[in-house]
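Step one of this worksheet: look at the structure below.
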Amino acid sequence: MDIIHLLPDSVANQIAAGEVIQRPASCLKELVENSLDAGATRIQVIVRDAGRTLLQVIDNGIGMSEMDARLAFERHATSKIREAQDLFSLRTMGFRGEALASICAVAQVEMTTRREEDETGTLIEIHGSDVIRQEVCSCPVGTNIKVSNLFFNVPVRRKFLKSDQTELRNLMTEFYHIVLVYPKVAFTFVHNDEILLELPVGTEKQRIEAVFGNPKRNVFTSNFVDVSTETDLVSIRGFVIKPESATRKAEQFFFVNGRYMRHPYFLKAVQTAYSGMLTADYQPSFFIYFDIAPEAIDVNIHPTKTEIKFADEQAIFQILMASVREALGKFTLAPQIDFDTAGNIDIPLPTNRPVERPKVSVDPQYNPFHTRGAIYPDKQPVKGWETLYEGIKNERPQGGFNDAAPLSDEGLMIPDAEQAPLWQHGRYLFMSTEDGLLLIHPHRAHAAVLYAQFMEQLAHAQGAMQQLLFPEILTLQPDEMVLIGQILPDLQSIGFDLEQLSPDSYSIQGVPAQIANQSPLSVLQDILHQVRSRGADTREEWRRQIATSLAEQAAIPSGKTLTDSEMRDILTRLMALPNYRRTADGKTIVSLVTNEEIERRF
Ligand code: ADP
Ligand code: MG
């Protein structure tokens, strides 16, 4: 006798329900997500006894036809994907078509729904997967779904529910995860006839304020700074708490493409960005929203799981850490004492995007030691930071850097490198300022200064050339010949005097003055390597690579002992740059140990 048989749908649905609907909170999540997928702009949640007795969601979304109202409760019935391919470009919250089938398997469900184009709506009642009635009714456009006596037919589940207090807290948590990403949808949450939350349409910030704006919890949006970064890979925006407003208990929220997620690895990125800024066991609060191409993430791990896999987690980690640090840097100073581990941030840069140039102006009235927390004048997001150095064109006194006065950028002050106490210890320079001790990496500082100088010379074809006494011959591969031919005008404008000798060689007759005592062959080879390995195929891009390579090679070597005037010279020129905290490729140049930090050591 055959012993295998198919389970009746009601049983299969109950089993599935065990996975999808574990508690009232998961039921609420599914219902509200359906309303959002249906394009609702107003969603009301009505709960009784923490969802045990009643969970009702009323929306003004698109509603369902009579046929769809019945189908919606079938397993794998969904309007959101049609083929497997669609799974990779999801923009809706639901897609499995399991939620309603699961819910109606373990509860008594009554739903009314109407589409705008229909005169009448549909009422359907299902108890434990059995359709009790379906009839025409009169109801507003949208869907009103009432889930009563959850787990009425699964006593074990019912027994495992926690106290009403705990289940209500779970419900609220689930609700927060949703409402924080949909500020353009109005929500109400009613529990036992009491309105617990009334959330009008607003901005993200207003929504956060409306949910958490409780003085006791110390999560006011004024305690936050904005994070905003756009790269080709991901866009990140949101709010992170100012370090001094942090508390032991933090509100930490990540969202990706409109969906809440837990992400311990990215949490680490945020914590790292705060390192050294928080009192022991204080935690940063944050609300961070990621936007990424749907095919770069995998939300399909499990219906109730909030972990999400990213294709490029390490790169996003770096971008996230850099953007949070950037945001905090604008507001206060993020100490980064370890230059080498803190600095290697490799951020994919968008190409060909215009970047707003920071304005730099000379302020002769400036008192170097006045404004607190103003040492990092950059207002730029992380994207395109290489181009930040271009901002100094023309606005800087031509010729000598030494006569550059301390600059302010929109009122932000920077210390006076000509006056402040300054000394060298080992590889680093130390400058005493009112805010604390500035640590400076002299090689990177010099490279940043030279980079800016080279970029300017490239733009104006003003490179200073030093003639070689004995020309040298550079022999190249065919692809390098093509490359050098392409960038030749820029090499000439920066100060190289090159002449093609044969189909595979050039003679070098002059080099940029700044690198006159380096080997011309290796300097040029490094440039070609840099341009090629970075895939720099626009003029803008290869100019940056030429400038980066030259600056790196011409800068004073790490660890060299400098005279006082050398130190001051480099620093004065560095401080005149619009962004002097980091090198063009994102490494830390300047780091501050605050007075508070120093104080704490004793
Ligand atoms: P999924 O959301 O994964 O598609 P569900 O079981 O949650 O699966 O819902 C099944 C279908 O019922 C949805 O695809 C949608 O077409 C319809 N539906 C559910 N809730 C609503 C609603 N509030 N408004 C309009 N249609 C809905
Ligand atoms: Mg759904």
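Naming scheme: A, B, ... for chains in displayed order of the structure tokens; residues 1 onward per chain; ligands 1 onward as shown.
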
Closest-contact table, chain A side, partner ligand 1, 9 Å, counting only C-alpha atoms and all ligand atoms, as JSON lines:
{"residue": "A:Glu30", "atom": "CA", "partner": "ligand 1", "partner_atom_place_in_ligand_line": "7 (O)", "distance": 6.0}
{"residue": "A:Leu31", "atom": "CA", "partner": "ligand 1", "partner_atom_place_in_ligand_line": "20 (N)", "distance": 6.5}
{"residue": "A:Val32", "atom": "CA", "partner": "ligand 1", "partner_atom_place_in_ligand_line": "23 (N)", "distance": 7.4}
{"residue": "A:Glu33", "atom": "CA", "partner": "ligand 1", "partner_atom_place_in_ligand_line": "2 (O)", "distance": 7.3}
{"residue": "A:Asn34", "atom": "CA", "partner": "ligand 1", "partner_atom_place_in_ligand_line": "20 (N)", "distance": 4.4}
{"residue": "A:Ser35", "atom": "CA", "partner": "ligand 1", "partner_atom_place_in_ligand_line": "23 (N)", "distance": 3.9}
{"residue": "A:Leu36", "atom": "CA", "partner": "ligand 1", "partner_atom_place_in_ligand_line": "23 (N)", "distance": 7.5}
{"residue": "A:Asp37", "atom": "CA", "partner": "ligand 1", "partner_atom_place_in_ligand_line": "24 (N)", "distance": 7.3}
{"residue": "A:Ala38", "atom": "CA", "partner": "ligand 1", "partner_atom_place_in_ligand_line": "24 (N)", "distance": 4.7}
{"residue": "A:Gly39", "atom": "CA", "partner": "ligand 1", "partner_atom_place_in_ligand_line": "24 (N)", "distance": 8.0}
{"residue": "A:Ala40", "atom": "CA", "partner": "ligand 1", "partner_atom_place_in_ligand_line": "24 (N)", "distance": 8.0}
{"residue": "A:Val57", "atom": "CA", "partner": "ligand 1", "partner_atom_place_in_ligand_line": "23 (N)", "distance": 8.0}
{"residue": "A:Ile58", "atom": "CA", "partner": "ligand 1", "partner_atom_place_in_ligand_line": "23 (N)", "distance": 7.7}
{"residue": "A:Asp59", "atom": "CA", "partner": "ligand 1", "partner_atom_place_in_ligand_line": "23 (N)", "distance": 6.5}
{"residue": "A:Asn60", "atom": "CA", "partner": "ligand 1", "partner_atom_place_in_ligand_line": "24 (N)", "distance": 8.2}
{"residue": "A:Gly61", "atom": "CA", "partner": "ligand 1", "partner_atom_place_in_ligand_line": "24 (N)", "distance": 5.7}
{"residue": "A:Ile62", "atom": "CA", "partner": "ligand 1", "partner_atom_place_in_ligand_line": "25 (C)", "distance": 5.6}
{"residue": "A:Gly63", "atom": "CA", "partner": "ligand 1", "partner_atom_place_in_ligand_line": "25 (C)", "distance": 4.2}
{"residue": "A:Met64", "atom": "CA", "partner": "ligand 1", "partner_atom_place_in_ligand_line": "25 (C)", "distance": 5.3}
{"residue": "A:Ser65", "atom": "CA", "partner": "ligand 1", "partner_atom_place_in_ligand_line": "26 (N)", "distance": 8.9}
{"residue": "A:Asp68", "atom": "CA", "partner": "ligand 1", "partner_atom_place_in_ligand_line": "16 (O)", "distance": 7.0}
{"residue": "A:Ala69", "atom": "CA", "partner": "ligand 1", "partner_atom_place_in_ligand_line": "12 (O)", "distance": 7.1}
{"residue": "A:Arg70", "atom": "CA", "partner": "ligand 1", "partner_atom_place_in_ligand_line": "12 (O)", "distance": 8.9}
{"residue": "A:Leu71", "atom": "CA", "partner": "ligand 1", "partner_atom_place_in_ligand_line": "12 (O)", "distance": 7.3}
{"residue": "A:Ala72", "atom": "CA", "partner": "ligand 1", "partner_atom_place_in_ligand_line": "12 (O)", "distance": 4.0}
{"residue": "A:Phe73", "atom": "CA", "partner": "ligand 1", "partner_atom_place_in_ligand_line": "6 (O)", "distance": 6.2}
{"residue": "A:Glu74", "atom": "CA", "partner": "ligand 1", "partner_atom_place_in_ligand_line": "6 (O)", "distance": 7.5}
{"residue": "A:Arg75", "atom": "CA", "partner": "ligand 1", "partner_atom_place_in_ligand_line": "6 (O)", "distance": 7.2}
{"residue": "A:His76", "atom": "CA", "partner": "ligand 1", "partner_atom_place_in_ligand_line": "8 (O)", "distance": 7.1}
{"residue": "A:Ala77", "atom": "CA", "partner": "ligand 1", "partner_atom_place_in_ligand_line": "10 (C)", "distance": 5.5}
{"residue": "A:Thr78", "atom": "CA", "partner": "ligand 1", "partner_atom_place_in_ligand_line": "14 (O)", "distance": 3.4}
{"residue": "A:Ser79", "atom": "CA", "partner": "ligand 1", "partner_atom_place_in_ligand_line": "14 (O)", "distance": 3.9}
{"residue": "A:Lys80", "atom": "CA", "partner": "ligand 1", "partner_atom_place_in_ligand_line": "14 (O)", "distance": 5.3}
{"residue": "A:Ile81", "atom": "CA", "partner": "ligand 1", "partner_atom_place_in_ligand_line": "4 (O)", "distance": 7.7}
{"residue": "A:Thr92", "atom": "CA", "partner": "ligand 1", "partner_atom_place_in_ligand_line": "2 (O)", "distance": 8.1}
{"residue": "A:Met93", "atom": "CA", "partner": "ligand 1", "partner_atom_place_in_ligand_line": "2 (O)", "distance": 6.9}
{"residue": "A:Gly94", "atom": "CA", "partner": "ligand 1", "partner_atom_place_in_ligand_line": "2 (O)", "distance": 3.8}
{"residue": "A:Phe95", "atom": "CA", "partner": "ligand 1", "partner_atom_place_in_ligand_line": "3 (O)", "distance": 3.4}
{"residue": "A:Arg96", "atom": "CA", "partner": "ligand 1", "partner_atom_place_in_ligand_line": "3 (O)", "distance": 3.8}
{"residue": "A:Gly97", "atom": "CA", "partner": "ligand 1", "partner_atom_place_in_ligand_line": "8 (O)", "distance": 3.1}
{"residue": "A:Glu98", "atom": "CA", "partner": "ligand 1", "partner_atom_place_in_ligand_line": "6 (O)", "distance": 4.4}
{"residue": "A:Ala99", "atom": "CA", "partner": "ligand 1", "partner_atom_place_in_ligand_line": "6 (O)", "distance": 3.8}
{"residue": "A:Leu100", "atom": "CA", "partner": "ligand 1", "partner_atom_place_in_ligand_line": "6 (O)", "distance": 3.8}
{"residue": "A:Ala101", "atom": "CA", "partner": "ligand 1", "partner_atom_place_in_ligand_line": "6 (O)", "distance": 5.7}
{"residue": "A:Ser102", "atom": "CA", "partner": "ligand 1", "partner_atom_place_in_ligand_line": "6 (O)", "distance": 7.6}
{"residue": "A:Ile103", "atom": "CA", "partner": "ligand 1", "partner_atom_place_in_ligand_line": "6 (O)", "distance": 8.4}
{"residue": "A:Thr113", "atom": "CA", "partner": "ligand 1", "partner_atom_place_in_ligand_line": "24 (N)", "distance": 7.5}
{"residue": "A:Arg114", "atom": "CA", "partner": "ligand 1", "partner_atom_place_in_ligand_line": "25 (C)", "distance": 8.8}
{"residue": "A:Arg115", "atom": "CA", "partner": "ligand 1", "partner_atom_place_in_ligand_line": "25 (C)", "distance": 8.6}
{"residue": "A:Gly142", "atom": "CA", "partner": "ligand 1", "partner_atom_place_in_ligand_line": "24 (N)", "distance": 6.4}
{"residue": "A:Thr143", "atom": "CA", "partner": "ligand 1", "partner_atom_place_in_ligand_line": "23 (N)", "distance": 5.0}
{"residue": "A:Asn144", "atom": "CA", "partner": "ligand 1", "partner_atom_place_in_ligand_line": "23 (N)", "distance": 7.2}
{"residue": "A:Ile145", "atom": "CA", "partner": "ligand 1", "partner_atom_place_in_ligand_line": "23 (N)", "distance": 7.5}

For Pro243 of chain A: contacts at 7 Å, only C-alpha atoms, fewer than 3 positions along chain excluded, given as number ranges by chain: A: 246, 277-278

Could you turn the residues from that selection into a file that holds N, CA and C atoms, as an mmCIF file, in the first residue's frame?
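selection-v1.cif, freshly written:
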data_model
loop_
_atom_site.group_PDB
_atom_site.id
_atom_site.type_symbol
_atom_site.label_atom_id
_atom_site.label_comp_id
_atom_site.auth_asym_id
_atom_site.auth_seq_id
_atom_site.Cartn_x
_atom_site.Cartn_y
_atom_site.Cartn_z
ATOM 1 N N ALA A 246 25.290 60.656 23.887
ATOM 2 C CA ALA A 246 25.124 59.201 23.943
ATOM 3 C C ALA A 246 24.790 58.758 25.358
ATOM 4 N N MET A 277 35.523 58.311 21.496
ATOM 5 C CA MET A 277 34.674 59.481 21.714
ATOM 6 C C MET A 277 33.602 59.241 22.769
ATOM 7 N N LEU A 278 33.393 58.000 23.135
ATOM 8 C CA LEU A 278 32.312 57.700 24.079
ATOM 9 C C LEU A 278 32.873 57.199 25.398
#

Just list as a list of chain:residue names whatever in segment 438-486 of chain A DSSP marks as strand (DSSP E). A:Leu438, A:Leu439, A:Ile440, A:Met465, A:Gln466, A:Gln467, A:Leu468, A:Leu469, A:Phe470, A:Pro471, A:Glu472, A:Ile473, A:Leu474, A:Thr475

Preceding selection exported with all heavy atoms as a CSV table (one decimal), in the first residue's frame:
chain,number,residue,atom,x,y,z
A,438,LEU,N,47.3,68.2,18.4
A,438,LEU,CA,47.2,67.8,17.0
A,438,LEU,C,48.3,66.9,16.7
A,438,LEU,O,49.5,67.2,16.9
A,438,LEU,CB,47.2,68.9,16.1
A,438,LEU,CG,45.9,69.6,15.7
A,438,LEU,CD1,46.2,70.5,14.5
A,438,LEU,CD2,44.8,68.6,15.3
A,439,LEU,N,48.0,65.7,16.1
A,439,LEU,CA,49.0,64.8,15.6
A,439,LEU,C,49.0,64.8,14.1
A,439,LEU,O,48.0,64.8,13.5
A,439,LEU,CB,48.8,63.4,16.1
A,439,LEU,CG,49.1,63.0,17.5
A,439,LEU,CD1,48.2,63.7,18.5
A,439,LEU,CD2,48.9,61.5,17.7
A,440,ILE,N,50.2,65.0,13.5
A,440,ILE,CA,50.3,65.2,12.1
A,440,ILE,C,51.2,64.2,11.5
A,440,ILE,O,52.3,63.9,12.0
A,440,ILE,CB,50.7,66.6,11.7
A,440,ILE,CG1,49.7,67.6,12.4
A,440,ILE,CG2,50.8,66.8,10.2
A,440,ILE,CD1,50.4,68.6,13.2
A,465,MET,N,59.6,73.1,-15.0
A,465,MET,CA,60.4,72.0,-15.5
A,465,MET,C,61.9,72.2,-15.2
A,465,MET,O,62.4,73.3,-15.1
A,465,MET,CB,60.3,72.0,-17.0
A,465,MET,CG,60.8,70.6,-17.6
A,465,MET,SD,61.7,70.9,-19.1
A,465,MET,CE,60.5,71.6,-20.1
A,466,GLN,N,62.5,71.1,-14.9
A,466,GLN,CA,64.0,71.1,-14.6
A,466,GLN,C,64.6,70.3,-15.8
A,466,GLN,O,64.3,69.1,-15.9
A,466,GLN,CB,64.2,70.4,-13.3
A,466,GLN,CG,65.7,70.1,-13.0
A,466,GLN,CD,66.3,71.2,-12.1
A,466,GLN,OE1,65.7,71.8,-11.3
A,466,GLN,NE2,67.6,71.5,-12.4
A,467,GLN,N,65.5,70.9,-16.5
A,467,GLN,CA,66.1,70.2,-17.7
A,467,GLN,C,67.1,69.2,-17.1
A,467,GLN,O,67.8,69.4,-16.2
A,467,GLN,CB,66.8,71.3,-18.5
A,467,GLN,CG,66.9,70.9,-20.0
A,467,GLN,CD,65.6,71.0,-20.7
A,467,GLN,OE1,64.8,71.9,-20.5
A,467,GLN,NE2,65.3,70.0,-21.6
A,468,LEU,N,67.1,68.0,-17.8
A,468,LEU,CA,68.1,67.0,-17.4
A,468,LEU,C,69.4,67.2,-18.1
A,468,LEU,O,69.4,67.5,-19.3
A,468,LEU,CB,67.6,65.6,-17.7
A,468,LEU,CG,66.4,65.1,-16.9
A,468,LEU,CD1,66.0,63.7,-17.3
A,468,LEU,CD2,66.6,65.2,-15.4
A,469,LEU,N,70.5,67.1,-17.4
A,469,LEU,CA,71.8,67.2,-18.1
A,469,LEU,C,72.0,66.1,-19.1
A,469,LEU,O,72.5,66.3,-20.2
A,469,LEU,CB,72.9,67.2,-17.1
A,469,LEU,CG,73.2,68.5,-16.4
A,469,LEU,CD1,74.3,68.3,-15.3
A,469,LEU,CD2,73.6,69.6,-17.4
A,470,PHE,N,71.6,64.9,-18.6
A,470,PHE,CA,71.8,63.7,-19.5
A,470,PHE,C,70.4,63.1,-19.7
A,470,PHE,O,69.9,62.5,-18.8
A,470,PHE,CB,72.7,62.7,-18.9
A,470,PHE,CG,74.0,63.3,-18.5
A,470,PHE,CD1,74.3,63.6,-17.2
A,470,PHE,CD2,75.0,63.5,-19.5
A,470,PHE,CE1,75.5,64.1,-16.8
A,470,PHE,CE2,76.2,64.1,-19.2
A,470,PHE,CZ,76.5,64.4,-17.8
A,471,PRO,N,69.8,63.2,-20.9
A,471,PRO,CA,68.5,62.7,-21.2
A,471,PRO,C,68.5,61.1,-20.9
A,471,PRO,O,69.6,60.5,-21.1
A,471,PRO,CB,68.3,62.9,-22.7
A,471,PRO,CG,69.1,64.1,-23.0
A,471,PRO,CD,70.3,64.0,-22.1
A,472,GLU,N,67.4,60.6,-20.5
A,472,GLU,CA,67.3,59.2,-20.2
A,472,GLU,C,66.3,58.6,-21.2
A,472,GLU,O,65.4,59.2,-21.7
A,472,GLU,CB,66.8,58.9,-18.8
A,472,GLU,CG,67.9,59.5,-17.8
A,472,GLU,CD,67.8,58.7,-16.5
A,472,GLU,OE1,67.4,57.5,-16.5
A,472,GLU,OE2,68.2,59.3,-15.5
A,473,ILE,N,66.5,57.3,-21.5
A,473,ILE,CA,65.6,56.6,-22.4
A,473,ILE,C,64.6,55.7,-21.7
A,473,ILE,O,65.0,54.9,-20.9
A,473,ILE,CB,66.4,55.7,-23.4
A,473,ILE,CG1,67.6,56.5,-24.0
A,473,ILE,CG2,65.5,55.1,-24.5
A,473,ILE,CD1,67.2,57.6,-24.9
A,474,LEU,N,63.3,55.9,-22.0
A,474,LEU,CA,62.3,55.1,-21.4
A,474,LEU,C,61.7,54.2,-22.4
A,474,LEU,O,61.2,54.6,-23.4
A,474,LEU,CB,61.1,56.1,-20.9
A,474,LEU,CG,59.9,55.4,-20.3
A,474,LEU,CD1,60.2,54.8,-18.9
A,474,LEU,CD2,58.8,56.5,-20.1
A,475,THR,N,61.9,52.9,-22.2
A,475,THR,CA,61.4,51.9,-23.1
A,475,THR,C,60.1,51.3,-22.6
A,475,THR,O,60.0,51.0,-21.4
A,475,THR,CB,62.5,50.7,-23.3
A,475,THR,OG1,63.7,51.4,-23.5
A,475,THR,CG2,62.1,49.8,-24.4

Spatial neighbours of segment 146-159 of chain A, 7 Å, only C-alpha atoms, chain gap at least 5 places, as an NGL selection string: :A and (52-57 or 106-111)

Could those selected residues go to a file with all heavy atoms, as a CSV table (one decimal), in the first residue's frame?
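Output below, filename selection25.csv:
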chain,number,residue,atom,x,y,z
A,52,ARG,N,-3.4,39.3,21.3
A,52,ARG,CA,-4.0,37.9,21.5
A,52,ARG,C,-5.4,37.9,21.0
A,52,ARG,O,-5.8,36.9,20.4
A,52,ARG,CB,-4.0,37.7,23.0
A,52,ARG,CG,-2.9,36.9,23.6
A,52,ARG,CD,-3.1,36.8,25.1
A,52,ARG,NE,-2.0,37.5,25.7
A,52,ARG,CZ,-0.9,36.8,26.1
A,52,ARG,NH1,-0.8,35.5,25.8
A,52,ARG,NH2,0.1,37.4,26.7
A,53,THR,N,-6.2,38.8,21.4
A,53,THR,CA,-7.6,38.8,21.1
A,53,THR,C,-7.8,39.5,19.7
A,53,THR,O,-8.6,38.9,18.9
A,53,THR,CB,-8.4,39.6,22.2
A,53,THR,OG1,-7.7,39.5,23.4
A,53,THR,CG2,-9.8,39.2,22.3
A,54,LEU,N,-7.2,40.6,19.5
A,54,LEU,CA,-7.4,41.3,18.2
A,54,LEU,C,-6.2,42.0,17.7
A,54,LEU,O,-5.5,42.7,18.4
A,54,LEU,CB,-8.6,42.3,18.4
A,54,LEU,CG,-8.9,43.2,17.2
A,54,LEU,CD1,-9.6,42.4,16.1
A,54,LEU,CD2,-9.7,44.4,17.5
A,55,LEU,N,-6.0,41.9,16.4
A,55,LEU,CA,-5.0,42.6,15.6
A,55,LEU,C,-5.7,43.1,14.4
A,55,LEU,O,-6.1,42.3,13.6
A,55,LEU,CB,-3.9,41.7,15.2
A,55,LEU,CG,-2.6,41.6,16.0
A,55,LEU,CD1,-1.7,40.5,15.4
A,55,LEU,CD2,-1.9,42.9,15.9
A,56,GLN,N,-5.9,44.4,14.3
A,56,GLN,CA,-6.7,44.9,13.1
A,56,GLN,C,-5.8,45.9,12.4
A,56,GLN,O,-5.2,46.8,13.0
A,56,GLN,CB,-8.0,45.5,13.6
A,56,GLN,CG,-8.9,46.0,12.4
A,56,GLN,CD,-10.2,46.4,13.0
A,56,GLN,OE1,-10.4,46.6,14.2
A,56,GLN,NE2,-11.2,46.6,12.0
A,57,VAL,N,-5.8,45.8,11.1
A,57,VAL,CA,-5.0,46.8,10.3
A,57,VAL,C,-6.0,47.4,9.2
A,57,VAL,O,-6.6,46.6,8.4
A,57,VAL,CB,-3.8,46.2,9.7
A,57,VAL,CG1,-3.1,47.2,8.7
A,57,VAL,CG2,-2.8,45.8,10.7
A,106,VAL,N,-4.2,30.0,11.4
A,106,VAL,CA,-4.0,30.0,12.9
A,106,VAL,C,-4.9,31.0,13.6
A,106,VAL,O,-4.6,31.3,14.8
A,106,VAL,CB,-2.6,30.1,13.3
A,106,VAL,CG1,-1.7,28.9,12.9
A,106,VAL,CG2,-2.0,31.4,12.8
A,107,ALA,N,-5.9,31.6,12.9
A,107,ALA,CA,-6.7,32.6,13.6
A,107,ALA,C,-8.0,32.7,12.9
A,107,ALA,O,-8.3,32.0,11.9
A,107,ALA,CB,-5.9,34.0,13.5
A,108,GLN,N,-8.8,33.6,13.4
A,108,GLN,CA,-10.1,33.9,12.8
A,108,GLN,C,-10.0,35.2,12.1
A,108,GLN,O,-9.8,36.2,12.7
A,108,GLN,CB,-11.2,33.9,13.8
A,108,GLN,CG,-11.4,32.5,14.5
A,108,GLN,CD,-12.0,32.5,15.8
A,108,GLN,OE1,-12.1,33.5,16.5
A,108,GLN,NE2,-12.4,31.3,16.3
A,109,VAL,N,-10.1,35.2,10.8
A,109,VAL,CA,-9.8,36.4,10.0
A,109,VAL,C,-11.1,36.9,9.3
A,109,VAL,O,-11.9,36.1,8.8
A,109,VAL,CB,-8.8,36.1,8.9
A,109,VAL,CG1,-8.5,37.4,8.1
A,109,VAL,CG2,-7.5,35.7,9.6
A,110,GLU,N,-11.3,38.2,9.5
A,110,GLU,CA,-12.4,38.8,8.7
A,110,GLU,C,-11.8,40.0,8.0
A,110,GLU,O,-11.1,40.8,8.5
A,110,GLU,CB,-13.5,39.3,9.7
A,110,GLU,CG,-14.7,39.8,9.0
A,110,GLU,CD,-15.7,40.4,10.0
A,110,GLU,OE1,-16.0,39.8,11.0
A,110,GLU,OE2,-16.2,41.5,9.7
A,111,MET,N,-12.1,40.1,6.7
A,111,MET,CA,-11.5,41.1,5.9
A,111,MET,C,-12.6,41.8,5.0
A,111,MET,O,-13.4,41.1,4.4
A,111,MET,CB,-10.4,40.6,5.0
A,111,MET,CG,-9.7,41.6,4.1
A,111,MET,SD,-8.4,40.9,3.1
A,111,MET,CE,-9.3,40.2,1.7

Looking at only C-alpha atoms, which of A:Val190, A:Ala105, A:Leu28, A:Ile297 is the one that sits closest to Gln44 of chain A? A:Val190

Using only C-alpha atoms: which of A:Asp312, A:Asp490, A:Asp435, A:Asp2 has the shortest distance to His460 of chain A: A:Asp490
